[in-house]
Amino acid sequence: MRMIKRRYTAAAAALACTASLFAAQSATARPADPSARSAGHHATPVWQQVGDGITSGISGLAVVPGSRAARTDLLVARDNKEPGENRLALVRLRPGDRPQVRPLAWRGSRTPADLEALDAVPGRPGEYVALASDGTGYHLRLDAGAGVARVLGAFTVPGAAEDDNYEGFALSAQGHRLVAVWADRGEDSRPGTLHAARLDLTRRAFSAPVTAAFRAPYPAEHVRHVSDLKIGAGGALKVSAASDNGDDGPFDSALYDAGTVSVDGRGTVRLSVRNAPEPLGRYAGHKIEALACLPHSRHGVLGTDDENAGGALRTVVGGPC
């Protein structure tokens, strides 16, 4: 049974989401300290706050077309559950400026609960897929001018079970095929489980999935082995893991090169997960639940859901890309 977070009242949450388009407490985004690539060092904390309080965390990230390292627009998902609480928002990052946060309206279906992952659809600018923790996926089109996200259709990932808790979803175009990877987060002694399959988004149909277990070497306690994932160049699987000690933390996170996903000429999906994942960085004090890559760049973005402390973003070199 999924854990339901303690929440403010719906009225207070709605007021927090709409009172301002600007988030307080920000800092200029800079590349991560190169020492973050070593598992023996913690990254220098250079984070931009994008909201305060438990309804302002970030559980999914996708880059809006036209973004680049010095001018980044992001679509963010939030794992809120109650009526009136924001599910999706646009965040604009500019060097030297405070992040601008614009909540979006949800249109075309019942408002979902507990969105935990988000990715852009390759080759379809303005289209995205968001995944809820129960395995329900939403194919979305962003209408930024109108301030809405419109649901084009919905699906359930293959094999979704009542006890699963999905926290990662990513898409990759390989040849003329679209590949999806999604993950149950796992917990402590139970590893995360990665699933991969071809996805026909027009019919919202999957091929038979392949699976592999993933266990993060760090953090060691109260760990979610997969808190998000993205597919990098060459099908590289980049996975974040995080410790969660409750709504007030403390939190800790790590980033890994976990393996690869590929499709052969016959359309067979292959999922290869490292027995010893390559560490890419540790990030103390934050619960990373969202990853994104800027196109044609080695810059990535990390997003956090720090519960009562709200959400934050950080731009890094390398990382999930």
# chains A, B, ... in the order shown; residues from 1 in each chain; ligands from 1

$ residues_around --residues "segment 64-72 of chain A" --least-positions-apart "4" --cutoff "8 Å" --atoms "only C-alpha atoms" --output "list in words"
Arg92, Leu93, Arg94, Pro95, Pro125, Gly126, Leu294, Pro295, Ser297 and His299 of chain A

$ residues_around --residues "Pro112 of chain A" --least-positions-apart "3" --cutoff "8 Å" --atoms "only C-alpha atoms" --output "ChimeraX atom specification"
/A:81,87,115,132

$ write_last_selection --atoms "N, CA, C and O atoms" --output "JSON list (two decimals), in the first residue's frame"
[["chain", "number", "residue", "atom", "x", "y", "z"],
["A", 81, "LYS", "N", -1.56, 14.85, -4.26],
["A", 81, "LYS", "CA", -2.67, 13.89, -4.29],
["A", 81, "LYS", "C", -4.04, 14.50, -4.04],
["A", 81, "LYS", "O", -5.05, 13.92, -4.43],
["A", 87, "ARG", "N", -0.25, 19.76, -10.08],
["A", 87, "ARG", "CA", 0.36, 18.52, -10.60],
["A", 87, "ARG", "C", 1.52, 18.78, -11.56],
["A", 87, "ARG", "O", 2.48, 18.03, -11.58],
["A", 115, "LEU", "N", 1.82, 11.77, -9.35],
["A", 115, "LEU", "CA", 2.70, 11.70, -10.52],
["A", 115, "LEU", "C", 4.15, 11.61, -10.04],
["A", 115, "LEU", "O", 4.61, 12.42, -9.24],
["A", 132, "ALA", "N", 2.25, 7.91, -13.08],
["A", 132, "ALA", "CA", 1.88, 7.91, -11.67],
["A", 132, "ALA", "C", 2.45, 6.67, -10.99],
["A", 132, "ALA", "O", 2.83, 5.69, -11.63]]

$ atom_distance --atom1 "atom CA of Leu237 of chain A" --atom2 "atom CA of Asp73 of chain A"
23.2 Å

$ residues_around --residues "Asp188 of chain A" --least-positions-apart "5" --cutoff "7 Å" --atoms "only C-alpha atoms" --output "list in words"
Glu221, His222, Val223 and Arg224 of chain A

$ atom_distance --atom1 "atom CA of Ala241 of chain A" --atom2 "atom CA of Val101 of chain A"
25.7 Å

$ closest_atom_pairs --of "segment 144-245 of chain A" --to "segment 267-285 of chain A" --cutoff "7 Å" --atoms "only C-alpha atoms" --output "CSV"
residue,atom,partner,partner_atom,distance
A:Ala196,CA,A:Leu271,CA,6.7
A:Ala197,CA,A:Val269,CA,6.1
A:Val210,CA,A:Leu271,CA,6.8
A:Ala212,CA,A:Val273,CA,6.7

$ closest_residue --among "A:Ile231, A:Ala62, A:Leu131, A:Val151" --to "Ala105 of chain A" --atoms "only C-alpha atoms"
A:Val151

$ closest_residue --among "A:Gly186, A:Asp257, A:Leu201, A:Ala160" --to "Glu127 of chain A" --atoms "only C-alpha atoms"
A:Leu201

$ closest_residue --among "A:Val301, A:Ala254, A:Leu194, A:Ala242" --to "Asp164 of chain A" --atoms "only C-alpha atoms"
A:Leu194

$ residues_around --residues "Ala309 of chain A" --least-positions-apart "5" --cutoff "10 Å" --atoms "only C-alpha atoms" --output "list of chain:residue names"
A:Gln49, A:Gly51, A:Asp52, A:Gly53, A:Ile54, A:Thr55, A:Ser56, A:Gly57, A:Asp247, A:Asp248, A:Gly249, A:His286, A:Thr304

$ write_last_selection --atoms "C-alpha atoms" --output "PDB file, in the first residue's frame"
ATOM      1  CA  GLN A  49      14.764  26.730  -4.597  1.00  0.00           C
ATOM      2  CA  GLY A  51       8.977  26.314  -3.880  1.00  0.00           C
ATOM      3  CA  ASP A  52       8.576  25.916  -0.149  1.00  0.00           C
ATOM      4  CA  GLY A  53       6.493  23.299   1.598  1.00  0.00           C
ATOM      5  CA  ILE A  54       5.445  19.741   0.948  1.00  0.00           C
ATOM      6  CA  THR A  55       3.294  20.497  -2.109  1.00  0.00           C
ATOM      7  CA  SER A  56       6.204  22.119  -3.991  1.00  0.00           C
ATOM      8  CA  GLY A  57       8.499  19.126  -4.469  1.00  0.00           C
ATOM      9  CA  ASP A 247       8.895  14.510   5.794  1.00  0.00           C
ATOM     10  CA  ASP A 248      11.720  16.324   7.605  1.00  0.00           C
ATOM     11  CA  GLY A 249      14.609  14.183   6.338  1.00  0.00           C
ATOM     12  CA  HIS A 286      18.470  16.477  -0.871  1.00  0.00           C
ATOM     13  CA  THR A 304      14.393  17.281  -5.626  1.00  0.00           C
TER      14      THR A 304
END

$ residues_around --residues "Trp106 of chain A" --least-positions-apart "3" --cutoff "12 Å" --atoms "only C-alpha atoms" --output "list in words"
Ala77, Pro83, Gly84, Glu85, Asn86, Arg87, Leu88, Ala89, Pro103, Ser109, Arg110, Thr111, Pro112, Ala113, Tyr138, Leu140, Arg141, Leu142, Asp143, Ala144, Ala146, Gly147, Val148, Ala149, Arg150, Val151 and Leu152 of chain A

$ closest_residue --among "A:Ala213, A:Ala130, A:Leu229, A:Val50" --to "Gln100 of chain A" --atoms "only C-alpha atoms"
A:Val50

$ select_by_dssp --residues "segment 54-290 of chain A" --states "strand (DSSP E)" --output "PyMOL selection string"
chain A and resi 60-63+72-77+88-93+100-107+115-120+127-132+136-143+148-156+166-174+177-184+192-200+205-206+210-214+223-231+236-244+251-263+269-284+288-290

$ atom_distance --atom1 "atom CA of Glu289 of chain A" --atom2 "atom CA of Ser59 of chain A"
5.0 Å

$ closest_residue --among "A:Val129, A:Ala170, A:Leu61, A:Val226" --to "Ala312 of chain A" --atoms "only C-alpha atoms"
A:Leu61

$ closest_residue --among "A:Asp97, A:Glu187, A:Asp244, A:Asp200" --to "Gln48 of chain A" --atoms "only C-alpha atoms"
A:Asp97
